[in-house]
>>> print(open('run_13.cif').read())   # mmCIF, C-alpha atoms
data_input
loop_
_atom_site.label_atom_id
_atom_site.label_comp_id
_atom_site.auth_asym_id
_atom_site.auth_seq_id
_atom_site.Cartn_x
_atom_site.Cartn_y
_atom_site.Cartn_z
CA MET D 1 23.66 -13.27 25.10
CA ASN D 2 23.51 -14.74 21.60
CA PRO D 3 21.67 -18.05 21.62
CA PHE D 4 21.87 -18.16 17.83
CA GLU D 5 25.53 -19.27 17.73
CA GLY D 6 26.62 -16.01 16.14
CA ARG D 7 24.26 -16.36 13.16
CA ARG D 8 23.20 -13.06 11.66
CA VAL D 9 20.28 -14.55 9.74
CA LEU D 10 17.65 -16.82 11.26
CA PRO D 11 15.67 -18.71 8.62
CA ALA D 12 11.92 -18.29 9.07
CA VAL D 13 9.78 -20.94 7.38
CA ARG D 14 6.13 -21.16 6.49
CA SER D 15 6.05 -24.32 4.38
CA LEU D 16 6.84 -27.94 5.13
CA LYS D 17 9.05 -28.05 2.03
CA ASP D 18 11.24 -25.20 3.33
CA PHE D 19 11.29 -26.78 6.79
CA GLU D 20 12.46 -30.13 5.42
CA GLU D 21 15.16 -28.45 3.30
CA LEU D 22 16.42 -26.47 6.29
CA MET D 23 16.90 -29.69 8.22
CA GLN D 24 19.76 -30.44 5.79
CA THR D 25 21.56 -27.11 6.34
CA PRO D 26 24.04 -26.01 9.02
CA HIS D 27 21.55 -23.54 10.57
CA PRO D 28 21.29 -24.42 14.27
CA VAL D 29 18.12 -22.38 14.91
CA VAL D 30 14.99 -22.23 12.75
CA VAL D 31 11.94 -19.98 13.19
CA LEU D 32 8.67 -21.78 12.41
CA LEU D 33 6.13 -19.15 11.46
CA GLU D 34 3.02 -21.15 10.66
CA THR D 35 1.87 -24.64 11.54
CA ASN D 36 -0.92 -26.43 13.30
CA LEU D 37 -0.93 -27.97 16.73
CA THR D 38 -1.16 -31.55 15.51
CA ALA D 39 1.96 -31.20 13.34
CA LEU D 40 4.18 -29.81 16.11
CA PRO D 41 5.31 -33.08 17.74
CA SER D 42 6.54 -34.54 14.44
CA LEU D 43 8.20 -31.25 13.44
CA MET D 44 9.98 -31.12 16.79
CA ARG D 45 11.19 -34.71 16.32
CA MET D 46 12.47 -33.90 12.82
CA ALA D 47 14.29 -30.85 14.15
CA GLY D 48 15.77 -32.81 17.03
CA LYS D 49 17.08 -35.54 14.73
CA ALA D 50 18.69 -32.86 12.56
CA GLY D 51 20.24 -31.11 15.57
CA LYS D 52 18.09 -28.01 15.13
CA ARG D 53 16.39 -25.86 17.74
CA LEU D 54 12.97 -24.42 16.90
CA ILE D 55 11.56 -21.03 17.72
CA LEU D 56 7.78 -21.14 17.38
CA HIS D 57 5.55 -18.21 16.55
CA ALA D 58 2.82 -18.95 19.09
CA ASP D 59 0.30 -16.58 17.52
CA LEU D 60 0.43 -18.47 14.21
CA ILE D 61 -0.12 -22.02 15.50
CA GLN D 62 -3.54 -23.15 14.35
CA GLY D 63 -5.50 -24.88 17.11
CA LEU D 64 -3.65 -23.13 19.95
CA LYS D 65 -5.01 -20.20 21.89
CA HIS D 66 -2.36 -17.59 22.62
CA ASP D 67 -2.90 -17.34 26.34
CA GLU D 68 -1.15 -18.56 29.49
CA ALA D 69 -2.51 -22.13 29.26
CA GLY D 70 -1.60 -22.43 25.57
CA THR D 71 1.91 -21.17 26.28
CA GLN D 72 2.33 -23.55 29.21
CA PHE D 73 1.29 -26.41 26.93
CA LEU D 74 3.85 -25.35 24.31
CA CYS D 75 6.65 -24.97 26.85
CA GLN D 76 5.95 -28.14 28.83
CA MET D 77 4.76 -30.56 26.16
CA ILE D 78 6.33 -29.34 22.90
CA ARG D 79 9.46 -27.80 24.44
CA PRO D 80 10.58 -25.31 21.80
CA TYR D 81 13.86 -23.44 22.05
CA GLY D 82 11.98 -20.15 21.89
CA ILE D 83 8.58 -18.55 21.43
CA ILE D 84 7.66 -15.45 19.45
CA SER D 85 4.43 -13.59 20.18
CA THR D 86 2.84 -10.17 20.04
CA HIS D 87 1.08 -10.91 23.35
CA ALA D 88 2.77 -9.84 26.57
CA SER D 89 1.07 -12.63 28.56
CA VAL D 90 2.53 -15.27 26.21
CA ILE D 91 5.98 -13.74 26.60
CA ALA D 92 5.73 -13.56 30.40
CA THR D 93 4.61 -17.20 30.60
CA ALA D 94 7.38 -18.37 28.25
CA LYS D 95 9.97 -16.59 30.41
CA LYS D 96 8.60 -18.26 33.56
CA GLN D 97 8.93 -21.60 31.79
CA GLY D 98 12.58 -20.94 30.91
CA VAL D 99 12.01 -20.65 27.15
CA ILE D 100 13.58 -17.85 25.10
CA ALA D 101 10.85 -15.22 24.85
CA ILE D 102 10.76 -12.96 21.79
CA GLN D 103 8.24 -10.11 21.77
CA ARG D 104 7.20 -9.18 18.24
CA VAL D 105 6.20 -5.58 17.66
CA PHE D 106 4.83 -3.92 14.54
CA LEU D 107 6.01 -0.36 14.04
CA ILE D 108 3.31 1.43 12.13
CA ASP D 109 3.64 4.94 13.54
CA SER D 110 4.85 6.89 16.59
CA HIS D 111 1.85 5.75 18.63
CA SER D 112 2.63 2.08 18.02
CA LEU D 113 6.23 2.73 19.08
CA ARG D 114 5.12 4.33 22.37
CA THR D 115 2.67 1.48 22.97
CA SER D 116 5.46 -1.03 22.32
CA TYR D 117 7.64 0.60 24.97
CA ARG D 118 4.83 0.23 27.55
CA VAL D 119 4.25 -3.44 26.62
CA LEU D 120 7.98 -4.17 26.83
CA GLN D 121 8.18 -2.78 30.36
CA GLN D 122 5.47 -5.23 31.37
CA ALA D 123 6.67 -8.33 29.47
CA ARG D 124 10.48 -7.96 29.74
CA PRO D 125 11.24 -10.35 26.86
CA ASP D 126 14.66 -11.82 26.18
CA PHE D 127 14.58 -10.39 22.65
CA LEU D 128 12.49 -7.96 20.70
CA GLU D 129 11.59 -8.65 17.08
CA VAL D 130 10.91 -5.39 15.22
CA LEU D 131 8.79 -5.36 12.07
CA PRO D 132 9.47 -3.96 9.59
CA GLY D 133 13.13 -4.76 9.99
CA VAL D 134 14.30 -2.34 7.32
CA VAL D 135 14.25 0.84 9.41
CA PRO D 136 17.78 1.06 10.81
CA ARG D 137 17.20 4.33 12.65
CA LEU D 138 14.35 2.76 14.64
CA ILE D 139 16.32 -0.42 15.35
CA ALA D 140 19.06 1.69 16.92
CA GLU D 141 16.57 3.84 18.86
CA ILE D 142 14.65 0.84 20.22
CA ARG D 143 17.82 -0.95 21.26
CA GLU D 144 18.99 2.17 23.06
CA GLN D 145 15.61 2.85 24.72
CA THR D 146 14.93 -0.72 25.87
CA GLY D 147 18.38 -2.20 26.37
CA LEU D 148 17.03 -5.38 24.76
CA PRO D 149 18.67 -7.33 21.96
CA VAL D 150 16.72 -6.67 18.74
CA LEU D 151 15.87 -9.03 15.91
CA ALA D 152 14.89 -7.35 12.64
CA GLY D 153 12.14 -8.99 10.60
CA GLY D 154 9.68 -8.16 7.87
CA PHE D 155 10.57 -6.78 4.44
CA VAL D 156 14.19 -7.88 4.79
CA ARG D 157 14.76 -8.77 1.14
CA THR D 158 18.37 -8.09 0.21
CA PRO D 159 21.86 -8.62 1.63
CA GLU D 160 22.03 -4.84 2.02
CA ASP D 161 18.89 -4.92 4.22
CA VAL D 162 20.60 -7.50 6.43
CA GLU D 163 23.81 -5.44 6.63
CA ARG D 164 21.95 -2.23 7.50
CA ALA D 165 19.93 -3.93 10.24
CA ILE D 166 23.04 -5.49 11.79
CA ALA D 167 24.96 -2.21 11.51
CA ALA D 168 22.08 -0.45 13.31
CA GLY D 169 22.46 -2.83 16.24
CA ALA D 170 20.23 -5.81 15.45
CA THR D 171 21.51 -9.07 16.93
CA ALA D 172 20.15 -10.99 13.94
CA VAL D 173 17.60 -10.82 11.15
CA THR D 174 14.63 -13.16 10.72
CA THR D 175 13.62 -13.70 7.12
CA SER D 176 11.69 -16.10 4.92
CA VAL D 177 13.75 -15.01 1.87
CA ARG D 178 15.65 -18.18 1.07
CA ALA D 179 18.44 -16.38 -0.78
CA LEU D 180 19.42 -14.66 2.49
CA TRP D 181 19.60 -17.78 4.67
CA GLN D 182 23.22 -18.40 3.73
CA LEU D 183 24.47 -14.97 4.85
#
>>> encode(input="run_13.cif", output="structure tokens")
Amino acid sequence: MNPFEGRRVLPAVRSLKDFEELMQTPHPVVVLLETNLTALPSLMRMAGKAGKRLILHADLIQGLKHDEAGTQFLCQMIRPYGIISTHASVIATAKKQGVIAIQRVFLIDSHSLRTSYRVLQQARPDFLEVLPGVVPRLIAEIREQTGLPVLAGGFVRTPEDVERAIAAGATAVTTSVRALWQL
């Protein structure tokens, strides 16, 4: 399953300026990292007019609680293409609503890796986003251990970082580094 139309890099935006510029590019899928709840309807309309699908980082939407009710609201009223969250309950609710569910995990040490495996068994996301995304050995290990498609994010700064992540088995890379969006 590759709902990203074969793209290896998924642009991740934090600013309205970057968002507006991405609406003029051929990227079919855009990750919106930070926004507020009141801006979402107009951002979704802009994306729709430009033929883009939005993946929203639910944990970073100001004014929205990252719980089951907040996720139901996003899925039913905003209707994003996908949702990213660190919360298993958000991921489980997104999956029930038929939205692409991406579990974000932060790999700090061996304990966080073991904890992530337990959370993944509970949430069963469609994709796993691993941060930092510049540890190819862990990308390969996690993909093998979970059987889930992996997105690599965080500290992906160079074309070589993108190549290493993809070579290690990542489906795609999420990055806010504009110079990498055209890869």
>>> closest_atom_pairs(input="run_13.cif", of="segment 46-76 of chain D", to="segment 2-10 of chain D", cutoff="12 Å", atoms="all atoms listed in the file", output="tab-separated table")
residue	atom	partner	partner_atom	distance
D:Lys52	CA	D:Phe4	CA	10.9
D:Arg53	CA	D:Phe4	CA	9.5
D:Leu54	CA	D:Leu10	CA	10.6
D:Ile55	CA	D:Leu10	CA	9.8
>>> closest_residue(input="run_13.cif", among="D:Leu56, D:Val156, D:Val173, D:Leu107", to="Ile83 of chain D", atoms="only C-alpha atoms")
D:Leu56
>>> resolve_selection(input="run_13.cif", expression="the PyMOL selection byres ((chain D and resi 140) around 10)", output="list of chain:residue names")
D:Val135, D:Pro136, D:Arg137, D:Leu138, D:Ile139, D:Glu141, D:Ile142, D:Arg143, D:Glu144, D:Gln145, D:Val150, D:Ala165, D:Ile166, D:Ala167, D:Ala168, D:Gly169, D:Ala170
>>> resolve_selection(input="run_13.cif", expression="the PyMOL selection byres ((chain D and resi 99) around 9)", output="PyMOL selection string")
chain D and resi 75+79-83+93-98+100-101
>>> resolve_selection(input="run_13.cif", expression="the PyMOL selection byres ((chain D and resi 37-42) around 9)", output="PyMOL selection string")
chain D and resi 35-36+43-47+61-64+77-78
>>> axis_aligned_box(input="run_13.cif", around="segment 85-103 of chain D", padding_each_side="4 Å", output="JSON")
{"center_x": 7.3, "center_y": -15.7, "center_z": 26.8, "size_x": 20.5, "size_y": 19.8, "size_z": 21.5}
>>> decode(input="run_13.cif", residues="segment 63-99 of chain D", atoms="N, CA, C and O atoms", output="PDB file, in the first residue's frame")
ATOM      1  N   GLY D  63      -6.425  24.038  19.981  1.00  0.00           N
ATOM      2  CA  GLY D  63      -7.867  24.084  20.177  1.00  0.00           C
ATOM      3  C   GLY D  63      -8.540  22.732  20.045  1.00  0.00           C
ATOM      4  O   GLY D  63      -9.759  22.630  20.174  1.00  0.00           O
ATOM      5  N   LEU D  64      -7.779  21.681  19.802  1.00  0.00           N
ATOM      6  CA  LEU D  64      -8.337  20.339  19.658  1.00  0.00           C
ATOM      7  C   LEU D  64      -7.695  19.431  20.694  1.00  0.00           C
ATOM      8  O   LEU D  64      -6.469  19.373  20.806  1.00  0.00           O
ATOM      9  N   LYS D  65      -8.520  18.728  21.438  1.00  0.00           N
ATOM     10  CA  LYS D  65      -7.994  17.757  22.388  1.00  0.00           C
ATOM     11  C   LYS D  65      -7.703  16.464  21.639  1.00  0.00           C
ATOM     12  O   LYS D  65      -8.499  16.034  20.806  1.00  0.00           O
ATOM     13  N   HIS D  66      -6.567  15.864  21.892  1.00  0.00           N
ATOM     14  CA  HIS D  66      -6.235  14.621  21.190  1.00  0.00           C
ATOM     15  C   HIS D  66      -6.787  13.427  21.961  1.00  0.00           C
ATOM     16  O   HIS D  66      -6.082  12.720  22.661  1.00  0.00           O
ATOM     17  N   ASP D  67      -8.093  13.246  21.763  1.00  0.00           N
ATOM     18  CA  ASP D  67      -8.811  12.116  22.343  1.00  0.00           C
ATOM     19  C   ASP D  67      -9.791  11.581  21.298  1.00  0.00           C
ATOM     20  O   ASP D  67      -9.787  12.027  20.148  1.00  0.00           O
ATOM     21  N   GLU D  68     -10.623  10.626  21.693  1.00  0.00           N
ATOM     22  CA  GLU D  68     -11.533  10.004  20.734  1.00  0.00           C
ATOM     23  C   GLU D  68     -12.506  11.014  20.124  1.00  0.00           C
ATOM     24  O   GLU D  68     -12.726  11.026  18.905  1.00  0.00           O
ATOM     25  N   ALA D  69     -13.081  11.887  20.947  1.00  0.00           N
ATOM     26  CA  ALA D  69     -14.044  12.871  20.435  1.00  0.00           C
ATOM     27  C   ALA D  69     -13.380  13.857  19.481  1.00  0.00           C
ATOM     28  O   ALA D  69     -13.940  14.194  18.434  1.00  0.00           O
ATOM     29  N   GLY D  70     -12.181  14.315  19.828  1.00  0.00           N
ATOM     30  CA  GLY D  70     -11.456  15.233  18.948  1.00  0.00           C
ATOM     31  C   GLY D  70     -11.125  14.582  17.618  1.00  0.00           C
ATOM     32  O   GLY D  70     -11.232  15.219  16.554  1.00  0.00           O
ATOM     33  N   THR D  71     -10.751  13.320  17.658  1.00  0.00           N
ATOM     34  CA  THR D  71     -10.427  12.589  16.427  1.00  0.00           C
ATOM     35  C   THR D  71     -11.673  12.346  15.582  1.00  0.00           C
ATOM     36  O   THR D  71     -11.632  12.478  14.357  1.00  0.00           O
ATOM     37  N   GLN D  72     -12.784  12.016  16.236  1.00  0.00           N
ATOM     38  CA  GLN D  72     -14.032  11.850  15.493  1.00  0.00           C
ATOM     39  C   GLN D  72     -14.413  13.158  14.804  1.00  0.00           C
ATOM     40  O   GLN D  72     -14.847  13.148  13.651  1.00  0.00           O
ATOM     41  N   PHE D  73     -14.253  14.273  15.509  1.00  0.00           N
ATOM     42  CA  PHE D  73     -14.549  15.571  14.904  1.00  0.00           C
ATOM     43  C   PHE D  73     -13.676  15.782  13.662  1.00  0.00           C
ATOM     44  O   PHE D  73     -14.178  16.164  12.603  1.00  0.00           O
ATOM     45  N   LEU D  74     -12.371  15.554  13.798  1.00  0.00           N
ATOM     46  CA  LEU D  74     -11.475  15.723  12.650  1.00  0.00           C
ATOM     47  C   LEU D  74     -11.917  14.846  11.476  1.00  0.00           C
ATOM     48  O   LEU D  74     -12.021  15.315  10.347  1.00  0.00           O
ATOM     49  N   CYS D  75     -12.155  13.584  11.747  1.00  0.00           N
ATOM     50  CA  CYS D  75     -12.475  12.640  10.672  1.00  0.00           C
ATOM     51  C   CYS D  75     -13.821  12.931  10.020  1.00  0.00           C
ATOM     52  O   CYS D  75     -13.946  12.827   8.798  1.00  0.00           O
ATOM     53  N   GLN D  76     -14.812  13.297  10.819  1.00  0.00           N
ATOM     54  CA  GLN D  76     -16.162  13.475  10.284  1.00  0.00           C
ATOM     55  C   GLN D  76     -16.414  14.876   9.732  1.00  0.00           C
ATOM     56  O   GLN D  76     -17.120  15.029   8.744  1.00  0.00           O
ATOM     57  N   MET D  77     -15.838  15.883  10.353  1.00  0.00           N
ATOM     58  CA  MET D  77     -16.135  17.258   9.950  1.00  0.00           C
ATOM     59  C   MET D  77     -15.049  17.865   9.055  1.00  0.00           C
ATOM     60  O   MET D  77     -15.349  18.593   8.122  1.00  0.00           O
ATOM     61  N   ILE D  78     -13.796  17.577   9.334  1.00  0.00           N
ATOM     62  CA  ILE D  78     -12.688  18.144   8.563  1.00  0.00           C
ATOM     63  C   ILE D  78     -12.318  17.227   7.405  1.00  0.00           C
ATOM     64  O   ILE D  78     -11.952  17.666   6.331  1.00  0.00           O
ATOM     65  N   ARG D  79     -12.387  15.936   7.629  1.00  0.00           N
ATOM     66  CA  ARG D  79     -12.128  14.903   6.625  1.00  0.00           C
ATOM     67  C   ARG D  79     -10.741  14.951   5.993  1.00  0.00           C
ATOM     68  O   ARG D  79     -10.594  15.087   4.778  1.00  0.00           O
ATOM     69  N   PRO D  80      -9.703  14.816   6.815  1.00  0.00           N
ATOM     70  CA  PRO D  80      -8.354  14.766   6.251  1.00  0.00           C
ATOM     71  C   PRO D  80      -8.100  13.425   5.566  1.00  0.00           C
ATOM     72  O   PRO D  80      -8.827  12.451   5.795  1.00  0.00           O
ATOM     73  N   TYR D  81      -7.057  13.395   4.779  1.00  0.00           N
ATOM     74  CA  TYR D  81      -6.628  12.160   4.126  1.00  0.00           C
ATOM     75  C   TYR D  81      -6.020  11.217   5.164  1.00  0.00           C
ATOM     76  O   TYR D  81      -6.180  10.008   5.090  1.00  0.00           O
ATOM     77  N   GLY D  82      -5.297  11.805   6.122  1.00  0.00           N
ATOM     78  CA  GLY D  82      -4.649  11.012   7.154  1.00  0.00           C
ATOM     79  C   GLY D  82      -4.460  11.806   8.424  1.00  0.00           C
ATOM     80  O   GLY D  82      -4.562  13.033   8.430  1.00  0.00           O
ATOM     81  N   ILE D  83      -4.167  11.084   9.496  1.00  0.00           N
ATOM     82  CA  ILE D  83      -3.905  11.693  10.801  1.00  0.00           C
ATOM     83  C   ILE D  83      -2.646  11.079  11.371  1.00  0.00           C
ATOM     84  O   ILE D  83      -2.467   9.857  11.338  1.00  0.00           O
ATOM     85  N   ILE D  84      -1.785  11.953  11.893  1.00  0.00           N
ATOM     86  CA  ILE D  84      -0.584  11.539  12.619  1.00  0.00           C
ATOM     87  C   ILE D  84      -0.817  11.844  14.090  1.00  0.00           C
ATOM     88  O   ILE D  84      -1.340  12.905  14.437  1.00  0.00           O
ATOM     89  N   SER D  85      -0.394  10.932  14.963  1.00  0.00           N
ATOM     90  CA  SER D  85      -0.472  11.177  16.401  1.00  0.00           C
ATOM     91  C   SER D  85       0.489  10.252  17.131  1.00  0.00           C
ATOM     92  O   SER D  85       0.831   9.183  16.638  1.00  0.00           O
ATOM     93  N   THR D  86       0.853  10.686  18.330  1.00  0.00           N
ATOM     94  CA  THR D  86       1.631   9.829  19.221  1.00  0.00           C
ATOM     95  C   THR D  86       0.704   9.024  20.133  1.00  0.00           C
ATOM     96  O   THR D  86       1.169   8.158  20.864  1.00  0.00           O
ATOM     97  N   HIS D  87      -0.591   9.314  20.087  1.00  0.00           N
ATOM     98  CA  HIS D  87      -1.565   8.696  20.986  1.00  0.00           C
ATOM     99  C   HIS D  87      -2.280   7.527  20.324  1.00  0.00           C
ATOM    100  O   HIS D  87      -2.942   7.687  19.300  1.00  0.00           O
ATOM    101  N   ALA D  88      -2.180   6.366  20.945  1.00  0.00           N
ATOM    102  CA  ALA D  88      -2.790   5.154  20.391  1.00  0.00           C
ATOM    103  C   ALA D  88      -4.301   5.303  20.238  1.00  0.00           C
ATOM    104  O   ALA D  88      -4.884   4.803  19.273  1.00  0.00           O
ATOM    105  N   SER D  89      -4.965   6.005  21.155  1.00  0.00           N
ATOM    106  CA  SER D  89      -6.422   6.160  21.064  1.00  0.00           C
ATOM    107  C   SER D  89      -6.815   6.994  19.848  1.00  0.00           C
ATOM    108  O   SER D  89      -7.838   6.730  19.205  1.00  0.00           O
ATOM    109  N   VAL D  90      -6.007   7.996  19.500  1.00  0.00           N
ATOM    110  CA  VAL D  90      -6.260   8.804  18.307  1.00  0.00           C
ATOM    111  C   VAL D  90      -6.114   7.931  17.066  1.00  0.00           C
ATOM    112  O   VAL D  90      -6.949   7.972  16.144  1.00  0.00           O
ATOM    113  N   ILE D  91      -5.078   7.116  17.039  1.00  0.00           N
ATOM    114  CA  ILE D  91      -4.827   6.240  15.896  1.00  0.00           C
ATOM    115  C   ILE D  91      -5.959   5.224  15.734  1.00  0.00           C
ATOM    116  O   ILE D  91      -6.467   5.005  14.638  1.00  0.00           O
ATOM    117  N   ALA D  92      -6.375   4.607  16.828  1.00  0.00           N
ATOM    118  CA  ALA D  92      -7.450   3.610  16.762  1.00  0.00           C
ATOM    119  C   ALA D  92      -8.749   4.247  16.255  1.00  0.00           C
ATOM    120  O   ALA D  92      -9.456   3.658  15.427  1.00  0.00           O
ATOM    121  N   THR D  93      -9.052   5.447  16.720  1.00  0.00           N
ATOM    122  CA  THR D  93     -10.274   6.136  16.288  1.00  0.00           C
ATOM    123  C   THR D  93     -10.182   6.517  14.810  1.00  0.00           C
ATOM    124  O   THR D  93     -11.153   6.351  14.059  1.00  0.00           O
ATOM    125  N   ALA D  94      -9.037   7.012  14.379  1.00  0.00           N
ATOM    126  CA  ALA D  94      -8.860   7.368  12.962  1.00  0.00           C
ATOM    127  C   ALA D  94      -9.067   6.141  12.075  1.00  0.00           C
ATOM    128  O   ALA D  94      -9.732   6.223  11.046  1.00  0.00           O
ATOM    129  N   LYS D  95      -8.514   5.009  12.492  1.00  0.00           N
ATOM    130  CA  LYS D  95      -8.687   3.776  11.703  1.00  0.00           C
ATOM    131  C   LYS D  95     -10.158   3.395  11.606  1.00  0.00           C
ATOM    132  O   LYS D  95     -10.644   3.034  10.540  1.00  0.00           O
ATOM    133  N   LYS D  96     -10.883   3.490  12.714  1.00  0.00           N
ATOM    134  CA  LYS D  96     -12.313   3.168  12.707  1.00  0.00           C
ATOM    135  C   LYS D  96     -13.080   4.087  11.764  1.00  0.00           C
ATOM    136  O   LYS D  96     -14.089   3.683  11.193  1.00  0.00           O
ATOM    137  N   GLN D  97     -12.587   5.309  11.608  1.00  0.00           N
ATOM    138  CA  GLN D  97     -13.256   6.292  10.763  1.00  0.00           C
ATOM    139  C   GLN D  97     -12.821   6.183   9.297  1.00  0.00           C
ATOM    140  O   GLN D  97     -13.289   6.942   8.451  1.00  0.00           O
ATOM    141  N   GLY D  98     -11.900   5.261   9.002  1.00  0.00           N
ATOM    142  CA  GLY D  98     -11.472   5.048   7.626  1.00  0.00           C
ATOM    143  C   GLY D  98     -10.446   6.058   7.124  1.00  0.00           C
ATOM    144  O   GLY D  98     -10.269   6.222   5.915  1.00  0.00           O
ATOM    145  N   VAL D  99      -9.759   6.706   8.040  1.00  0.00           N
ATOM    146  CA  VAL D  99      -8.719   7.686   7.696  1.00  0.00           C
ATOM    147  C   VAL D  99      -7.360   7.019   7.876  1.00  0.00           C
ATOM    148  O   VAL D  99      -7.170   6.218   8.797  1.00  0.00           O
TER     149      VAL D  99
END
